[in-house]
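*Asks:* The structure's right below; bear with me while I get my questions together.
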Amino acid sequence: MLDEPDAADLAVARWEVATLTGRLRCVEDERDAAVRDRDRNRELVLALRRSRSYRLGRALAGLARDPVRAAPAVARQLRRPPAPRSGARAAAMPARIYVAVGLSRPGAHTLIRALRQRVLVEADHLPVVVTDQPTLRHLQVPGVVLEYLPDPATWSRHEPGSDWETLLAGRVAQLCRDHRAADAVVIDPRDPPTLARLLVTDRRVGSLASA
C-alpha cells in the first residue's frame, strides 16, 4: 500500500507544476519568436536581392559569362561605398532557473553558497535562483542571479484571492525569456543540494525535480 503524500510533498508538486507551466509559456514565446524571425528572414532575402552585394554578385557572374559586356556594370558596383557593418554580439552563457522556495534561512544560504562554488568549479551556466527567503532579498552574489518572490502567506495577505502558483509560473516564464534559460528545476526545501551533488549530474541533482 502506497503512503499518502504529506503537505510538503504536495507543496513541492504544486511548485513543479507551476515551474513547468512557466517553462512551457517561455517555449511557446520562443516558438512565436521563431515564426516572426522566419517572416523577417523572408523580408531580408527580398531586401538582399535589391542590395549592392546581390547586384555585384550578379554582375560578377555575368562577367564570367561575358567579360566584355559585363565589365562596365562591375566597375559601377565597385565604385559604390559599402554599407556599414554591425558588430557581432557574443553568445551569452545559457541560464538555468532554480526554484528555491520554502527553504529555511540556513538551507537557502547553503544552496547559494553551493551554486557560487559550482560556478567557480564549472561555469557552464548562469544560475538564476527564485527565492522567497527574506534574508536573500537584497543579497548580491557574483555569478548568481537572485530573484525574490514573496512567500505564499505574504502574497495572500497583499493579494487576497490571487493564486500564488500563478505568480510563480509567470515569474519563471519571464526569467526564462530574460535570461534565455535552457531549463528549470525545483529544489526540495527539505534537502537542498550540496556542491558535490550539484556536480554529479546536469539535469537532476538529488532532491531537485527537473522541470
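Each chain in the C-alpha cells gets a letter, A, B, ..., in the order shown, and its residues are numbered from 1; ligands are numbered from 1 in order too.
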Do you know which residues are at most 8 Å from Thr110 (chain A) counting only C-alpha atoms, after dropping those on the same chain fewer than 3 positions away, and could you put them as a ChimeraX atom specification?
*Replies:* /A:106-107,113-114,192,194
*Asks:* Name all residues at most 9 Å from Arg116 (chain A) (count only C-alpha atoms; drop same-chain ones fewer than 4 positions away) and give them as a ChimeraX atom specification.
*Replies:* /A:111-112,120-121,127,141-144,195
*Asks:* Save out the residues we just selected, N, CA, C and O atoms, as a PDB file, in the first residue's frame.
*Replies:*
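Output (again.pdb):
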```
ATOM      1  N   LEU A 111      22.402  26.627  -0.134  1.00  0.00           N
ATOM      2  CA  LEU A 111      22.195  26.464  -1.572  1.00  0.00           C
ATOM      3  C   LEU A 111      22.953  27.527  -2.365  1.00  0.00           C
ATOM      4  O   LEU A 111      23.637  27.213  -3.347  1.00  0.00           O
ATOM      5  N   ILE A 112      22.839  28.787  -1.958  1.00  0.00           N
ATOM      6  CA  ILE A 112      23.512  29.868  -2.687  1.00  0.00           C
ATOM      7  C   ILE A 112      25.023  29.678  -2.647  1.00  0.00           C
ATOM      8  O   ILE A 112      25.721  29.882  -3.661  1.00  0.00           O
ATOM      9  N   LEU A 120      32.329  28.584  -9.777  1.00  0.00           N
ATOM     10  CA  LEU A 120      33.791  28.685  -9.769  1.00  0.00           C
ATOM     11  C   LEU A 120      34.445  27.408 -10.287  1.00  0.00           C
ATOM     12  O   LEU A 120      35.479  27.454 -10.955  1.00  0.00           O
ATOM     13  N   VAL A 121      33.825  26.258  -9.996  1.00  0.00           N
ATOM     14  CA  VAL A 121      34.399  24.979 -10.415  1.00  0.00           C
ATOM     15  C   VAL A 121      34.088  24.689 -11.872  1.00  0.00           C
ATOM     16  O   VAL A 121      34.960  24.256 -12.637  1.00  0.00           O
ATOM     17  N   PRO A 127      23.314  30.425 -12.947  1.00  0.00           N
ATOM     18  CA  PRO A 127      22.224  30.070 -12.039  1.00  0.00           C
ATOM     19  C   PRO A 127      21.329  31.287 -11.761  1.00  0.00           C
ATOM     20  O   PRO A 127      21.813  32.346 -11.375  1.00  0.00           O
ATOM     21  N   VAL A 141      25.322  38.119  -5.203  1.00  0.00           N
ATOM     22  CA  VAL A 141      26.294  37.029  -5.264  1.00  0.00           C
ATOM     23  C   VAL A 141      26.907  37.008  -6.664  1.00  0.00           C
ATOM     24  O   VAL A 141      26.183  36.852  -7.648  1.00  0.00           O
ATOM     25  N   PRO A 142      28.218  37.170  -6.785  1.00  0.00           N
ATOM     26  CA  PRO A 142      28.853  37.136  -8.113  1.00  0.00           C
ATOM     27  C   PRO A 142      28.579  35.807  -8.825  1.00  0.00           C
ATOM     28  O   PRO A 142      28.748  34.731  -8.251  1.00  0.00           O
ATOM     29  N   GLY A 143      28.123  35.898 -10.061  1.00  0.00           N
ATOM     30  CA  GLY A 143      27.884  34.697 -10.855  1.00  0.00           C
ATOM     31  C   GLY A 143      26.548  34.032 -10.621  1.00  0.00           C
ATOM     32  O   GLY A 143      26.237  33.027 -11.261  1.00  0.00           O
ATOM     33  N   VAL A 144      25.740  34.576  -9.694  1.00  0.00           N
ATOM     34  CA  VAL A 144      24.421  34.008  -9.396  1.00  0.00           C
ATOM     35  C   VAL A 144      23.396  35.139  -9.405  1.00  0.00           C
ATOM     36  O   VAL A 144      23.608  36.182  -8.783  1.00  0.00           O
ATOM     37  N   LEU A 195      27.416  21.161  -3.013  1.00  0.00           N
ATOM     38  CA  LEU A 195      28.239  21.294  -4.213  1.00  0.00           C
ATOM     39  C   LEU A 195      28.497  19.936  -4.846  1.00  0.00           C
ATOM     40  O   LEU A 195      28.396  19.788  -6.075  1.00  0.00           O
TER      41      LEU A 195
END
```
*Asks:* Name the residues in contact with Tyr148 (chain A) at a cut-off of 6 Å, using only C-alpha atoms, excluding same-chain residues fewer than 5 positions from it; report them as a list in words.
*Replies:*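 In the requested format, the answer is Val130, Thr131, Asp132 and Arg137 of chain A.
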*Asks:* What separation in Å, quoted to one decimal, exists between CA of Asp9 (chain A) and CA of Leu103 (chain A)?
*Replies:* 13.8 Å
*Asks:* For Ala8 (chain A), work out the shell of residues within 9 Å, counting only C-alpha atoms and skipping chain neighbours fewer than 2 positions away, then give it as a short mmCIF file (atom, residue, chain, number, x, y, z; two decimals) with N, CA, C and O atoms, in the first residue's frame.
*Replies:*
```cif
data_model
loop_
_atom_site.label_atom_id
_atom_site.label_comp_id
_atom_site.auth_asym_id
_atom_site.auth_seq_id
_atom_site.Cartn_x
_atom_site.Cartn_y
_atom_site.Cartn_z
N PRO A 5 0.84 11.13 0.35
CA PRO A 5 1.78 12.26 0.35
C PRO A 5 1.44 13.23 1.46
O PRO A 5 0.27 13.48 1.77
N ASP A 6 2.48 13.78 2.09
CA ASP A 6 2.25 14.75 3.14
C ASP A 6 2.16 16.15 2.53
O ASP A 6 2.25 16.34 1.31
N LEU A 10 3.04 17.63 -1.37
CA LEU A 10 2.04 18.30 -2.20
C LEU A 10 2.51 19.70 -2.59
O LEU A 10 2.28 20.14 -3.72
N ALA A 11 3.15 20.39 -1.66
CA ALA A 11 3.64 21.74 -1.98
C ALA A 11 4.70 21.69 -3.06
O ALA A 11 4.66 22.48 -4.03
N VAL A 12 5.65 20.76 -2.94
CA VAL A 12 6.70 20.64 -3.96
C VAL A 12 6.08 20.27 -5.30
O VAL A 12 6.49 20.78 -6.36
N ALA A 13 5.06 19.40 -5.29
CA ALA A 13 4.40 19.02 -6.54
C ALA A 13 3.72 20.23 -7.20
O ALA A 13 3.79 20.40 -8.41
N ASP A 188 13.80 20.76 -3.52
CA ASP A 188 13.06 20.31 -2.36
C ASP A 188 13.60 21.03 -1.14
O ASP A 188 14.78 20.87 -0.78
N PRO A 189 12.80 21.85 -0.48
CA PRO A 189 13.31 22.64 0.66
C PRO A 189 13.77 21.78 1.83
O PRO A 189 14.51 22.26 2.69
N ARG A 190 13.36 20.51 1.86
CA ARG A 190 13.77 19.64 2.97
C ARG A 190 15.18 19.10 2.78
O ARG A 190 15.77 18.57 3.72
#
```
*Asks:* Excluding region 166-175 of chain A and its own-chain neighbours fewer than 5 positions away, which residues fall within 6 Å of it when counting only C-alpha atoms? Please give them as a tab-separated table (two decimals) with C-alpha atoms, in the first residue's frame.
*Replies:*
```tsv
chain	number	residue	atom	x	y	z
A	18	ALA	CA	3.88	25.95	-11.76
A	19	THR	CA	7.52	25.85	-12.87
A	21	THR	CA	3.83	25.88	-16.75
A	22	GLY	CA	6.17	28.86	-16.77
A	23	ARG	CA	8.75	26.99	-18.81
A	25	ARG	CA	4.97	29.57	-21.69
A	26	CYS	CA	8.55	30.53	-22.46
```
*Asks:* Would you mind reading off the distance between CA of Ile187 (chain A) and CA of Ala7 (chain A), one decimal, in Å?
*Replies:*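 Here the two named atoms are 15.6 Å from each other.
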*Asks:* Report the distance between CA of Asp29 (chain A) and CA of Pro150 (chain A) in Å, rounded to one decimal place.
*Replies:*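 Those two atoms sit 25.4 Å apart.
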*Asks:* Mind checking which residues fall within 9 Å of Leu136 (chain A), counting only C-alpha atoms, ignoring those fewer than 5 positions away in the same chain, and posting them as a PyMOL selection string?
*Replies:* chain A and resi 105+108-109+131+146-148
